[in-house]
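Source file coords.tsv; content: TSV, C-alpha atoms (C1' of nucleotides).
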chain	number	residue	atom	x	y	z
A	13	MET	CA	0.00	0.00	0.00
A	14	PRO	CA	1.77	3.14	-1.18
A	15	THR	CA	1.86	6.26	0.94
A	16	GLU	CA	-0.76	8.62	-0.34
A	17	LYS	CA	0.78	11.54	-2.16
A	18	ARG	CA	-1.03	14.19	-4.11
A	19	TYR	CA	0.50	16.35	-6.77
A	20	THR	CA	-2.44	18.57	-7.35
A	21	PRO	CA	-2.31	21.90	-9.15
A	22	ILE	CA	-2.62	23.50	-5.71
A	23	ILE	CA	0.72	22.10	-4.65
A	24	SER	CA	2.40	23.35	-7.80
A	25	LYS	CA	0.80	26.72	-7.25
A	26	LEU	CA	2.28	26.92	-3.77
A	27	ARG	CA	5.71	25.78	-4.91
A	28	GLU	CA	5.73	28.30	-7.72
A	29	ALA	CA	4.94	30.97	-5.18
A	30	GLY	CA	7.94	29.84	-3.14
A	31	LEU	CA	5.76	28.52	-0.33
A	32	ARG	CA	6.18	25.07	1.18
A	33	PRO	CA	3.06	23.05	0.59
A	34	THR	CA	2.17	22.39	4.19
A	35	ARG	CA	-1.04	20.70	5.29
A	36	GLN	CA	-2.52	24.03	6.34
A	37	ARG	CA	-1.59	25.96	3.21
A	38	ILE	CA	-2.85	23.21	0.96
A	39	ALA	CA	-6.17	23.04	2.75
A	40	LEU	CA	-6.66	26.80	2.78
A	41	ALA	CA	-5.61	27.16	-0.85
A	42	GLU	CA	-8.06	24.44	-1.84
A	43	MET	CA	-10.88	26.30	-0.13
A	44	MET	CA	-9.89	29.63	-1.63
A	45	PHE	CA	-9.13	28.64	-5.18
A	46	ARG	CA	-11.62	25.90	-5.86
A	47	GLY	CA	-14.40	27.20	-8.00
A	48	ASP	CA	-15.69	30.73	-8.16
A	49	ASP	CA	-14.09	33.97	-7.19
A	50	ARG	CA	-14.43	34.72	-3.52
A	51	HIS	CA	-14.15	37.56	-1.06
A	52	VAL	CA	-13.21	36.20	2.32
A	53	SER	CA	-12.08	37.63	5.61
A	54	ALA	CA	-9.61	35.81	7.83
A	55	GLU	CA	-12.38	35.07	10.30
A	56	MET	CA	-14.63	33.62	7.60
A	57	LEU	CA	-11.92	31.37	6.23
A	58	HIS	CA	-10.99	30.18	9.69
A	59	LYS	CA	-14.61	29.28	10.45
A	60	GLU	CA	-14.89	27.51	7.14
A	61	ALA	CA	-11.75	25.50	7.79
A	62	THR	CA	-12.95	24.54	11.23
A	63	ALA	CA	-16.31	23.46	9.82
A	64	ALA	CA	-14.47	21.28	7.30
A	65	ARG	CA	-12.51	19.70	10.17
A	66	VAL	CA	-9.26	21.29	9.03
A	67	SER	CA	-7.39	22.18	12.15
A	68	VAL	CA	-5.61	25.47	11.63
A	69	SER	CA	-5.03	28.40	13.93
A	70	LEU	CA	-6.36	31.85	13.21
A	71	ALA	CA	-2.80	33.19	13.20
A	72	THR	CA	-1.93	30.78	10.42
A	73	VAL	CA	-4.95	31.87	8.44
A	74	TYR	CA	-3.71	35.44	8.69
A	75	ASN	CA	-0.16	34.44	7.81
A	76	THR	CA	-1.33	32.42	4.86
A	77	LEU	CA	-3.63	35.10	3.48
A	78	HIS	CA	-0.83	37.62	3.64
A	79	GLN	CA	1.68	35.26	2.06
A	80	PHE	CA	-0.76	34.49	-0.75
A	81	THR	CA	-1.33	38.21	-1.22
A	82	GLN	CA	2.41	38.90	-1.39
A	83	ALA	CA	2.76	36.10	-3.90
A	84	GLY	CA	0.10	37.69	-6.06
A	85	LEU	CA	-2.44	34.91	-5.56
A	86	LEU	CA	-4.83	37.18	-3.68
A	87	ARG	CA	-5.67	40.82	-3.54
A	88	GLU	CA	-6.48	42.56	-0.28
A	89	ILE	CA	-9.33	45.03	-0.10
A	90	ALA	CA	-10.27	47.34	2.74
A	91	VAL	CA	-13.72	48.81	2.52
A	92	GLU	CA	-14.69	49.59	6.06
A	93	ALA	CA	-12.55	50.34	9.06
A	94	GLY	CA	-11.55	47.21	10.86
A	95	ARG	CA	-12.15	44.39	8.40
A	96	SER	CA	-10.32	43.43	5.30
A	97	TYR	CA	-11.26	41.03	2.58
A	98	PHE	CA	-9.10	38.90	0.36
A	99	ASP	CA	-10.22	38.53	-3.22
A	100	THR	CA	-9.29	35.45	-5.23
A	101	ASN	CA	-9.79	37.42	-8.40
A	102	THR	CA	-6.48	39.20	-8.97
A	103	THR	CA	-7.32	40.49	-12.41
A	104	ASP	CA	-8.15	44.12	-12.97
A	105	HIS	CA	-11.69	44.64	-11.75
A	106	HIS	CA	-13.80	46.59	-9.31
A	107	HIS	CA	-16.42	46.07	-6.60
A	108	PHE	CA	-19.86	46.65	-5.31
A	109	TYR	CA	-19.86	47.12	-1.57
A	110	PHE	CA	-23.19	46.42	0.11
A	111	GLU	CA	-23.39	48.84	2.98
A	112	ASN	CA	-26.19	46.96	4.74
A	113	ASP	CA	-24.39	43.70	5.34
A	114	GLY	CA	-20.84	44.61	4.41
A	115	HIS	CA	-20.30	42.08	1.66
A	116	LEU	CA	-18.50	42.58	-1.63
A	117	GLU	CA	-19.32	41.53	-5.16
A	118	ASP	CA	-17.28	41.83	-8.30
A	119	VAL	CA	-18.27	44.27	-10.99
A	120	LEU	CA	-17.51	43.07	-14.46
A	121	SER	CA	-14.46	45.03	-15.50
A	122	GLU	CA	-16.06	46.15	-18.75
A	123	ASP	CA	-18.88	47.75	-16.75
A	124	VAL	CA	-16.63	50.36	-15.20
A	125	VAL	CA	-14.64	52.61	-17.44
A	126	VAL	CA	-12.22	55.01	-15.86
A	127	SER	CA	-11.41	57.05	-18.88
A	128	SER	CA	-9.08	59.57	-17.37
A	129	LEU	CA	-6.62	59.39	-14.50
A	130	PRO	CA	-4.26	61.95	-13.04
A	131	SER	CA	-0.58	61.24	-13.30
A	132	ALA	CA	1.04	59.96	-10.14
A	133	PRO	CA	2.54	62.66	-7.94
A	134	PRO	CA	6.26	63.26	-8.60
A	135	GLY	CA	8.41	60.55	-7.07
A	136	SER	CA	5.65	57.98	-7.03
A	137	ARG	CA	3.93	55.59	-9.35
A	138	ILE	CA	0.41	54.22	-9.49
A	139	SER	CA	0.26	50.71	-8.15
A	140	ARG	CA	-3.47	50.15	-8.42
A	141	VAL	CA	-6.77	51.89	-8.91
A	142	ASP	CA	-9.63	50.68	-6.76
A	143	VAL	CA	-13.18	51.60	-7.61
A	144	VAL	CA	-15.73	50.75	-4.95
A	145	ILE	CA	-19.36	51.32	-5.79
A	146	ARG	CA	-21.15	51.57	-2.48
A	147	VAL	CA	-24.72	50.41	-2.68
A	148	CYS	CA	-27.49	50.51	-0.19
A	149	GLU	CA	-30.27	47.95	-0.18
A	150	ASP	CA	-33.78	49.31	0.26
B	27	MET	CA	-18.18	93.34	31.85
B	28	PRO	CA	-20.36	91.16	29.61
B	29	THR	CA	-20.01	87.41	29.57
B	30	GLU	CA	-17.99	86.48	26.50
B	31	LYS	CA	-20.16	84.91	23.81
B	32	ARG	CA	-19.14	83.98	20.32
B	33	TYR	CA	-21.50	83.59	17.42
B	34	THR	CA	-19.05	82.30	14.89
B	35	PRO	CA	-20.01	80.54	11.68
B	36	ILE	CA	-18.90	77.33	13.39
B	37	ILE	CA	-21.64	77.63	15.96
B	38	SER	CA	-24.25	78.21	13.27
B	39	LYS	CA	-22.90	75.23	11.39
B	40	LEU	CA	-23.35	73.04	14.44
B	41	ARG	CA	-26.82	74.33	15.15
B	42	GLU	CA	-27.88	73.81	11.57
B	43	ALA	CA	-26.68	70.23	11.87
B	44	GLY	CA	-28.85	69.80	14.94
B	45	LEU	CA	-25.87	69.54	17.26
B	46	ARG	CA	-25.49	71.52	20.44
B	47	PRO	CA	-22.49	73.78	20.20
B	48	THR	CA	-20.55	72.43	23.13
B	49	ARG	CA	-17.02	73.49	23.99
B	50	GLN	CA	-15.63	70.24	22.56
B	51	ARG	CA	-17.59	70.30	19.33
B	52	ILE	CA	-16.76	73.93	18.70
B	53	ALA	CA	-13.06	73.33	19.24
B	54	LEU	CA	-12.95	70.21	17.08
B	55	ALA	CA	-15.01	71.83	14.33
B	56	GLU	CA	-12.70	74.83	14.34
B	57	MET	CA	-9.71	72.56	13.85
B	58	MET	CA	-11.38	70.54	11.13
B	59	PHE	CA	-13.03	73.26	9.11
B	60	ARG	CA	-10.59	76.11	9.35
B	61	GLY	CA	-8.68	76.44	6.13
B	62	ASP	CA	-7.79	73.67	3.75
B	63	ASP	CA	-9.36	70.32	3.23
B	64	ARG	CA	-8.09	67.71	5.60
B	65	HIS	CA	-7.95	63.96	6.05
B	66	VAL	CA	-7.77	63.15	9.71
B	67	SER	CA	-8.07	60.07	11.85
B	68	ALA	CA	-9.62	60.17	15.31
B	69	GLU	CA	-6.22	59.64	16.86
B	70	MET	CA	-4.67	62.49	14.87
B	71	LEU	CA	-7.42	64.91	15.80
B	72	HIS	CA	-7.22	63.93	19.44
B	73	LYS	CA	-3.45	64.54	19.48
B	74	GLU	CA	-3.95	67.86	17.74
B	75	ALA	CA	-6.56	68.94	20.26
B	76	THR	CA	-4.36	67.94	23.15
B	77	ALA	CA	-1.44	69.86	21.66
B	78	ALA	CA	-3.69	72.91	21.40
B	79	ARG	CA	-4.61	72.50	25.08
B	80	VAL	CA	-8.16	71.57	24.24
B	81	SER	CA	-9.16	68.98	26.75
B	82	VAL	CA	-11.34	66.40	25.05
B	83	SER	CA	-11.53	62.66	25.43
B	84	LEU	CA	-10.81	60.27	22.60
B	85	ALA	CA	-14.34	58.89	22.91
B	86	THR	CA	-15.72	62.35	22.28
B	87	VAL	CA	-13.49	62.75	19.25
B	88	TYR	CA	-14.96	59.54	17.86
B	89	ASN	CA	-18.51	60.60	18.73
B	90	THR	CA	-18.01	63.99	17.18
B	91	LEU	CA	-16.46	62.69	13.98
B	92	HIS	CA	-19.34	60.28	13.54
B	93	GLN	CA	-21.95	62.91	14.29
B	94	PHE	CA	-20.34	65.28	11.81
B	95	THR	CA	-20.29	62.50	9.25
B	96	GLN	CA	-23.96	61.74	9.80
B	97	ALA	CA	-24.75	65.41	9.46
B	98	GLY	CA	-22.96	65.49	6.12
B	99	LEU	CA	-20.14	67.73	7.31
B	100	LEU	CA	-17.54	65.00	6.87
B	101	ARG	CA	-17.04	61.94	4.75
B	102	GLU	CA	-15.51	58.77	6.14
B	103	ILE	CA	-12.97	56.85	4.09
B	104	ALA	CA	-11.50	53.43	4.79
B	105	VAL	CA	-8.41	52.61	2.82
B	106	GLU	CA	-6.57	50.13	4.93
B	107	ALA	CA	-7.85	47.71	7.49
B	108	GLY	CA	-7.96	49.22	10.91
B	109	ARG	CA	-7.82	52.95	10.31
B	110	SER	CA	-10.36	55.29	8.94
B	111	TYR	CA	-10.02	58.85	7.85
B	112	PHE	CA	-12.49	61.67	7.89
B	113	ASP	CA	-12.40	64.04	4.96
B	114	THR	CA	-13.56	67.64	5.33
B	115	ASN	CA	-14.17	67.79	1.61
B	116	THR	CA	-17.64	66.35	1.12
B	117	THR	CA	-17.93	67.24	-2.53
B	118	ASP	CA	-17.65	64.59	-5.18
B	119	HIS	CA	-13.97	63.79	-5.52
B	120	HIS	CA	-11.43	61.00	-5.26
B	121	HIS	CA	-8.12	60.16	-3.58
B	122	PHE	CA	-4.51	59.25	-3.86
B	123	TYR	CA	-3.51	56.80	-1.18
B	124	PHE	CA	0.21	56.74	-0.42
B	125	GLU	CA	1.01	53.17	0.45
B	126	ASN	CA	4.33	54.01	2.07
B	127	ASP	CA	3.08	56.23	4.84
B	128	GLY	CA	-0.66	55.68	4.63
B	129	HIS	CA	-1.72	59.26	4.00
B	130	LEU	CA	-4.41	60.49	1.64
B	131	GLU	CA	-4.54	63.37	-0.79
B	132	ASP	CA	-7.39	64.68	-2.85
B	133	VAL	CA	-7.42	64.20	-6.58
B	134	LEU	CA	-9.02	67.06	-8.44
B	135	SER	CA	-12.39	65.75	-9.49
B	136	GLU	CA	-11.86	66.73	-13.10
B	137	ASP	CA	-8.76	64.55	-13.20
B	138	VAL	CA	-10.72	61.33	-12.77
B	139	VAL	CA	-13.46	60.51	-15.18
B	140	VAL	CA	-15.54	57.43	-14.58
B	141	SER	CA	-17.35	57.34	-17.86
B	142	SER	CA	-19.35	54.19	-17.38
B	143	LEU	CA	-20.86	52.56	-14.35
B	144	PRO	CA	-22.94	49.42	-13.94
B	145	SER	CA	-26.45	49.85	-12.69
B	146	ALA	CA	-27.01	49.03	-9.06
B	147	PRO	CA	-28.07	45.43	-8.39
B	148	PRO	CA	-31.86	45.00	-8.21
B	149	GLY	CA	-33.25	46.22	-4.90
B	150	SER	CA	-30.38	48.56	-4.24
B	151	ARG	CA	-29.16	51.96	-5.23
B	152	ILE	CA	-25.73	53.49	-5.57
B	153	SER	CA	-24.91	55.68	-2.61
B	154	ARG	CA	-21.39	56.64	-3.58
B	155	VAL	CA	-18.52	55.73	-5.86
B	156	ASP	CA	-15.06	55.82	-4.32
B	157	VAL	CA	-12.00	55.84	-6.50
B	158	VAL	CA	-8.73	55.29	-4.68
B	159	ILE	CA	-5.54	55.60	-6.67
B	160	ARG	CA	-2.93	53.74	-4.71
B	161	VAL	CA	0.53	55.12	-5.24
B	162	CYS	CA	3.87	53.88	-4.11
B	163	GLU	CA	6.76	56.23	-3.47
B	164	ASP	CA	10.13	55.19	-4.88
C	9	DT	C1'	17.57	9.74	8.31
C	10	DA	C1'	19.56	13.67	10.65
C	11	DT	C1'	19.71	18.33	10.21
C	12	DC	C1'	18.07	22.79	9.65
C	13	DA	C1'	15.45	26.26	7.92
C	14	DC	C1'	10.90	27.29	7.53
C	15	DT	C1'	6.00	26.78	9.77
C	16	DT	C1'	2.58	26.54	12.97
C	17	DT	C1'	0.63	27.50	17.26
C	18	DA	C1'	-1.41	29.17	21.73
C	19	DG	C1'	-1.74	32.81	24.04
C	20	DA	C1'	-0.37	37.39	25.05
C	21	DA	C1'	0.00	41.97	23.10
C	22	DT	C1'	-1.43	45.70	20.24
C	23	DT	C1'	-4.44	48.84	17.87
C	24	DA	C1'	-8.61	50.97	16.66
C	25	DT	C1'	-12.91	51.55	18.12
C	26	DT	C1'	-17.17	51.17	20.90
C	27	DC	C1'	-19.65	50.72	25.17
C	28	DT	C1'	-21.16	51.85	29.97
C	29	DA	C1'	-22.82	54.32	33.45
C	30	DA	C1'	-21.67	58.21	36.17
C	31	DT	C1'	-21.02	63.13	35.88
C	32	DG	C1'	-21.40	67.54	33.50
C	33	DT	C1'	-23.69	71.14	30.69
C	34	DA	C1'	-26.72	73.55	27.16
C	35	DT	C1'	-31.44	74.58	26.64
C	36	DT	C1'	-36.20	75.44	27.96
C	37	DG	C1'	-39.87	77.34	30.26
C	38	DA	C1'	-41.63	79.42	34.52
D	22	DT	C1'	-32.68	84.02	36.35
D	23	DC	C1'	-33.19	79.24	37.80
D	24	DA	C1'	-34.49	74.89	38.08
D	25	DA	C1'	-35.58	70.83	35.44
D	26	DT	C1'	-34.39	68.03	31.80
D	27	DA	C1'	-32.55	66.17	27.88
D	28	DC	C1'	-28.45	65.86	25.65
D	29	DA	C1'	-23.04	65.41	26.05
D	30	DT	C1'	-18.80	64.10	27.87
D	31	DT	C1'	-15.83	61.16	30.23
D	32	DA	C1'	-12.74	57.48	32.23
D	33	DG	C1'	-12.16	53.20	31.97
D	34	DA	C1'	-13.65	48.74	30.69
D	35	DA	C1'	-14.95	45.98	26.76
D	36	DT	C1'	-14.66	44.37	22.09
D	37	DA	C1'	-12.81	43.24	17.64
D	38	DA	C1'	-9.41	42.58	14.30
D	39	DT	C1'	-4.91	41.73	13.80
D	40	DT	C1'	-0.02	40.97	15.01
D	41	DC	C1'	3.59	39.30	17.92
D	42	DT	C1'	6.37	35.89	20.59
D	43	DA	C1'	8.76	32.11	21.52
D	44	DA	C1'	8.30	27.28	21.82
D	45	DA	C1'	7.21	23.05	19.38
D	46	DG	C1'	6.43	20.88	14.83
D	47	DT	C1'	7.49	19.61	9.95
D	48	DG	C1'	9.11	19.68	5.01
D	49	DA	C1'	13.37	19.70	2.35
D	50	DT	C1'	18.08	18.55	1.71
D	51	DA	C1'	22.16	15.95	1.85

Would you mind writing the file's structure down as structure tokens?
Amino acid sequence: MPTEKRYTPIISKLREAGLRPTRQRIALAEMMFRGDDRHVSAEMLHKEATAARVSVSLATVYNTLHQFTQAGLLREIAVEAGRSYFDTNTTDHHHFYFENDGHLEDVLSEDVVVSSLPSAPPGSRISRVDVVIRVCED
Amino acid sequence: MPTEKRYTPIISKLREAGLRPTRQRIALAEMMFRGDDRHVSAEMLHKEATAARVSVSLATVYNTLHQFTQAGLLREIAVEAGRSYFDTNTTDHHHFYFENDGHLEDVLSEDVVVSSLPSAPPGSRISRVDVVIRVCED
DNA sequence: TATCACTTTAGAATTATTCTAATGTATTGA
DNA sequence: TCAATACATTAGAATAATTCTAAAGTGATA
């Protein structure tokens, strides 16, 4: 009976990002990158992991989300003071922010056209343009 | 010798907003609304008040900033998790966010043109569109 | 398989903000 | 002008999100 070993795309993804494919990172990456684009907070992902019987500390969830962000696998978004979301969609796009319940949804990138931008102030360069369309549910 | 009483525009501004012109509110409003547009955090304003020998608690600074925001005298902006700024410019405009030191600067509104927006999702309406141009200093 | 650098972890620490309930003060009407 | 009262302020505790610390665990390498 051979030792079970998986060489999933997730493991390659981690290796390519220079991150050791540990049990925790693999599990978290599988939750984040399986399927649709997601907007998760550290707390949400930790709860989800716990529910799936993946034992991982909240500190590791934070570490992992930041490492993934640094590696370009995630994008961090701050919309309201005191909570940040991590978006699995790292392509150029923007967001709806639902003020009532605080959740985010992607806006199709072709639906927002920023047709004119200022030049970056001297000595700096533009690293990203975030457009957040705040909506209020009736 | 008459009791000193001031009927400054600040006091009218507070009254019009339905807020009693207390010593604390008057002092904070004078700091916020005198002169140029500002982007301040509660902590910054509290330090500034203390430096100016205005005795006011941090809780009151928070209360006041939120009351001013509700009254439409300020606009709250969250750019990074865990710190929010209050902008004295409540007209339609956007921001540069300097990633290095975390400060904000206004972008002239004519310098950003959002020429196309999606419609709000059914059952909701757009309350505001925030454009944050994140810049990185070399 | 031993070694070592990298990871994870529990729990404490930090930071920003909000809450609580006691005290203070602007406003109102007599 | 002076209570009475409703609204404000406050210190300090409480909460929430996140980061830190240092000890124990684990993947990679030779």

Nearest to DC14 of chain C by atom-to-atom distance, counting all atoms listed in the file, from A:Arg32, A:His107, A:Arg46, A:Arg37
A:Arg32

Which residues of chain B come within 7 Å of chain A, and what is each one's closest atom pair and distance in Å (one decimal), counting only C-alpha atoms, sorted by chain and residue number, as JSON lines?
{"residue": "B:Ala104", "atom": "CA", "partner": "A:Glu92", "partner_atom": "CA", "distance": 5.2}
{"residue": "B:Val105", "atom": "CA", "partner": "A:Ala90", "partner_atom": "CA", "distance": 5.6}
{"residue": "B:Glu106", "atom": "CA", "partner": "A:Ala90", "partner_atom": "CA", "distance": 5.1}
{"residue": "B:Ala107", "atom": "CA", "partner": "A:Gly94", "partner_atom": "CA", "distance": 5.0}
{"residue": "B:Gly108", "atom": "CA", "partner": "A:Gly94", "partner_atom": "CA", "distance": 4.1}
{"residue": "B:Arg109", "atom": "CA", "partner": "A:Ala93", "partner_atom": "CA", "distance": 5.5}
{"residue": "B:Ser110", "atom": "CA", "partner": "A:Ala93", "partner_atom": "CA", "distance": 5.4}
{"residue": "B:Asp137", "atom": "CA", "partner": "A:Pro130", "partner_atom": "CA", "distance": 5.2}
{"residue": "B:Val138", "atom": "CA", "partner": "A:Leu129", "partner_atom": "CA", "distance": 4.9}
{"residue": "B:Val139", "atom": "CA", "partner": "A:Ser128", "partner_atom": "CA", "distance": 5.0}
{"residue": "B:Val140", "atom": "CA", "partner": "A:Val126", "partner_atom": "CA", "distance": 4.3}
{"residue": "B:Ser141", "atom": "CA", "partner": "A:Val125", "partner_atom": "CA", "distance": 5.5}
{"residue": "B:Ser142", "atom": "CA", "partner": "A:Val125", "partner_atom": "CA", "distance": 5.0}
{"residue": "B:Leu143", "atom": "CA", "partner": "A:Val124", "partner_atom": "CA", "distance": 4.8}
{"residue": "B:Pro144", "atom": "CA", "partner": "A:Asp123", "partner_atom": "CA", "distance": 5.2}
{"residue": "B:Ala146", "atom": "CA", "partner": "A:Val147", "partner_atom": "CA", "distance": 6.9}
{"residue": "B:Gly149", "atom": "CA", "partner": "A:Glu149", "partner_atom": "CA", "distance": 5.8}
{"residue": "B:Ser150", "atom": "CA", "partner": "A:Glu149", "partner_atom": "CA", "distance": 4.1}
{"residue": "B:Arg151", "atom": "CA", "partner": "A:Val147", "partner_atom": "CA", "distance": 5.3}
{"residue": "B:Ile152", "atom": "CA", "partner": "A:Val147", "partner_atom": "CA", "distance": 4.3}
{"residue": "B:Ser153", "atom": "CA", "partner": "A:Val147", "partner_atom": "CA", "distance": 5.3}
{"residue": "B:Arg154", "atom": "CA", "partner": "A:Arg146", "partner_atom": "CA", "distance": 5.2}
{"residue": "B:Val155", "atom": "CA", "partner": "A:Ile145", "partner_atom": "CA", "distance": 4.5}
{"residue": "B:Asp156", "atom": "CA", "partner": "A:Val144", "partner_atom": "CA", "distance": 5.2}
{"residue": "B:Val157", "atom": "CA", "partner": "A:Val143", "partner_atom": "CA", "distance": 4.5}
{"residue": "B:Val158", "atom": "CA", "partner": "A:Asp142", "partner_atom": "CA", "distance": 5.1}
{"residue": "B:Ile159", "atom": "CA", "partner": "A:Val141", "partner_atom": "CA", "distance": 4.5}
{"residue": "B:Arg160", "atom": "CA", "partner": "A:Arg140", "partner_atom": "CA", "distance": 5.2}
{"residue": "B:Val161", "atom": "CA", "partner": "A:Ile138", "partner_atom": "CA", "distance": 4.3}
{"residue": "B:Cys162", "atom": "CA", "partner": "A:Ser136", "partner_atom": "CA", "distance": 5.3}
{"residue": "B:Glu163", "atom": "CA", "partner": "A:Ser136", "partner_atom": "CA", "distance": 4.1}
{"residue": "B:Asp164", "atom": "CA", "partner": "A:Ser136", "partner_atom": "CA", "distance": 5.7}

Could you take the residues named above and write them with C-alpha atoms, as a PDB file, keeping the file's coordinate frame?
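The result, stored in part-v1.pdb:
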ATOM      1  CA  ALA B 104     -11.500  53.430   4.790  1.00  0.00           C
ATOM      2  CA  VAL B 105      -8.410  52.610   2.820  1.00  0.00           C
ATOM      3  CA  GLU B 106      -6.570  50.130   4.930  1.00  0.00           C
ATOM      4  CA  ALA B 107      -7.850  47.710   7.490  1.00  0.00           C
ATOM      5  CA  GLY B 108      -7.960  49.220  10.910  1.00  0.00           C
ATOM      6  CA  ARG B 109      -7.820  52.950  10.310  1.00  0.00           C
ATOM      7  CA  SER B 110     -10.360  55.290   8.940  1.00  0.00           C
ATOM      8  CA  ASP B 137      -8.760  64.550 -13.200  1.00  0.00           C
ATOM      9  CA  VAL B 138     -10.720  61.330 -12.770  1.00  0.00           C
ATOM     10  CA  VAL B 139     -13.460  60.510 -15.180  1.00  0.00           C
ATOM     11  CA  VAL B 140     -15.540  57.430 -14.580  1.00  0.00           C
ATOM     12  CA  SER B 141     -17.350  57.340 -17.860  1.00  0.00           C
ATOM     13  CA  SER B 142     -19.350  54.190 -17.380  1.00  0.00           C
ATOM     14  CA  LEU B 143     -20.860  52.560 -14.350  1.00  0.00           C
ATOM     15  CA  PRO B 144     -22.940  49.420 -13.940  1.00  0.00           C
ATOM     16  CA  ALA B 146     -27.010  49.030  -9.060  1.00  0.00           C
ATOM     17  CA  GLY B 149     -33.250  46.220  -4.900  1.00  0.00           C
ATOM     18  CA  SER B 150     -30.380  48.560  -4.240  1.00  0.00           C
ATOM     19  CA  ARG B 151     -29.160  51.960  -5.230  1.00  0.00           C
ATOM     20  CA  ILE B 152     -25.730  53.490  -5.570  1.00  0.00           C
ATOM     21  CA  SER B 153     -24.910  55.680  -2.610  1.00  0.00           C
ATOM     22  CA  ARG B 154     -21.390  56.640  -3.580  1.00  0.00           C
ATOM     23  CA  VAL B 155     -18.520  55.730  -5.860  1.00  0.00           C
ATOM     24  CA  ASP B 156     -15.060  55.820  -4.320  1.00  0.00           C
ATOM     25  CA  VAL B 157     -12.000  55.840  -6.500  1.00  0.00           C
ATOM     26  CA  VAL B 158      -8.730  55.290  -4.680  1.00  0.00           C
ATOM     27  CA  ILE B 159      -5.540  55.600  -6.670  1.00  0.00           C
ATOM     28  CA  ARG B 160      -2.930  53.740  -4.710  1.00  0.00           C
ATOM     29  CA  VAL B 161       0.530  55.120  -5.240  1.00  0.00           C
ATOM     30  CA  CYS B 162       3.870  53.880  -4.110  1.00  0.00           C
ATOM     31  CA  GLU B 163       6.760  56.230  -3.470  1.00  0.00           C
ATOM     32  CA  ASP B 164      10.130  55.190  -4.880  1.00  0.00           C
TER      33      ASP B 164
END

Residue hits in chain C, query chain B, radius 12 Å, all atoms listed in the file, as a ChimeraX atom specification:
/C:22-27,32-35

Limited to C-alpha atoms (C1' of nucleotides), could you put the picked residues into a file as a PDB file, keeping the file's coordinate frame?
ATOM      1  C1'  DT C  22      -1.430  45.700  20.240  1.00  0.00           C
ATOM      2  C1'  DT C  23      -4.440  48.840  17.870  1.00  0.00           C
ATOM      3  C1'  DA C  24      -8.610  50.970  16.660  1.00  0.00           C
ATOM      4  C1'  DT C  25     -12.910  51.550  18.120  1.00  0.00           C
ATOM      5  C1'  DT C  26     -17.170  51.170  20.900  1.00  0.00           C
ATOM      6  C1'  DC C  27     -19.650  50.720  25.170  1.00  0.00           C
ATOM      7  C1'  DG C  32     -21.400  67.540  33.500  1.00  0.00           C
ATOM      8  C1'  DT C  33     -23.690  71.140  30.690  1.00  0.00           C
ATOM      9  C1'  DA C  34     -26.720  73.550  27.160  1.00  0.00           C
ATOM     10  C1'  DT C  35     -31.440  74.580  26.640  1.00  0.00           C
TER      11       DT C  35
END

Up to 10 Å from chain B, what residues of chain D turn up? Count all atoms listed in the file and give them as an NGL selection string.
:D and (28-32 or 38-39)

In Å, how far is it from atom C1' of DC12 of chain C to atom C1' of DT50 of chain D?
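Interatomic distance here is 9.0 Å.
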
When you draw a straight line from atom CA of Ser24 of chain A to atom CA of Ala83 of chain A, how long is it in Å?
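According to the coordinates, atom CA of Ser24 of chain A and atom CA of Ala83 of chain A are separated by 13.3 Å.
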
What is the atom CA of Gly44 of chain B-atom CA of Thr117 of chain B distance in Å, reported with one decimal?
20.8 Å

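Considering all atoms listed in the file, the residue among B:Ala75, B:Leu54, B:Ile37, B:Val66 positioned nearest to Thr114 of chain B is B:Val66.
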
Nearest to Leu85 of chain A: which of A:Ile38, A:Ala63, A:Leu26, A:Val73 is it, counting all atoms listed in the file?
A:Leu26

Nearest residue to Glu60 of chain A out of A:Ile22, A:Leu116, A:Met44, A:Leu77, using only C-alpha atoms?
A:Met44

Step by step: start from the point (16.4, 15.4, 10.7) in the file's coordinates, keep every protein, DNA or RNA residue that has an atom no farther than 12 Å from it, count all atoms listed in the file, and write the set as a VMD selection string.
(chain C and resid 9 to 13) or (chain D and resid 47 to 51)

Put those residues in a file: C-alpha atoms (C1' of nucleotides), as a PDB file, in the frame of the given file.
ATOM      1  C1'  DT C   9      17.570   9.740   8.310  1.00  0.00           C
ATOM      2  C1'  DA C  10      19.560  13.670  10.650  1.00  0.00           C
ATOM      3  C1'  DT C  11      19.710  18.330  10.210  1.00  0.00           C
ATOM      4  C1'  DC C  12      18.070  22.790   9.650  1.00  0.00           C
ATOM      5  C1'  DA C  13      15.450  26.260   7.920  1.00  0.00           C
TER       6       DA C  13
ATOM      7  C1'  DT D  47       7.490  19.610   9.950  1.00  0.00           C
ATOM      8  C1'  DG D  48       9.110  19.680   5.010  1.00  0.00           C
ATOM      9  C1'  DA D  49      13.370  19.700   2.350  1.00  0.00           C
ATOM     10  C1'  DT D  50      18.080  18.550   1.710  1.00  0.00           C
ATOM     11  C1'  DA D  51      22.160  15.950   1.850  1.00  0.00           C
TER      12       DA D  51
END
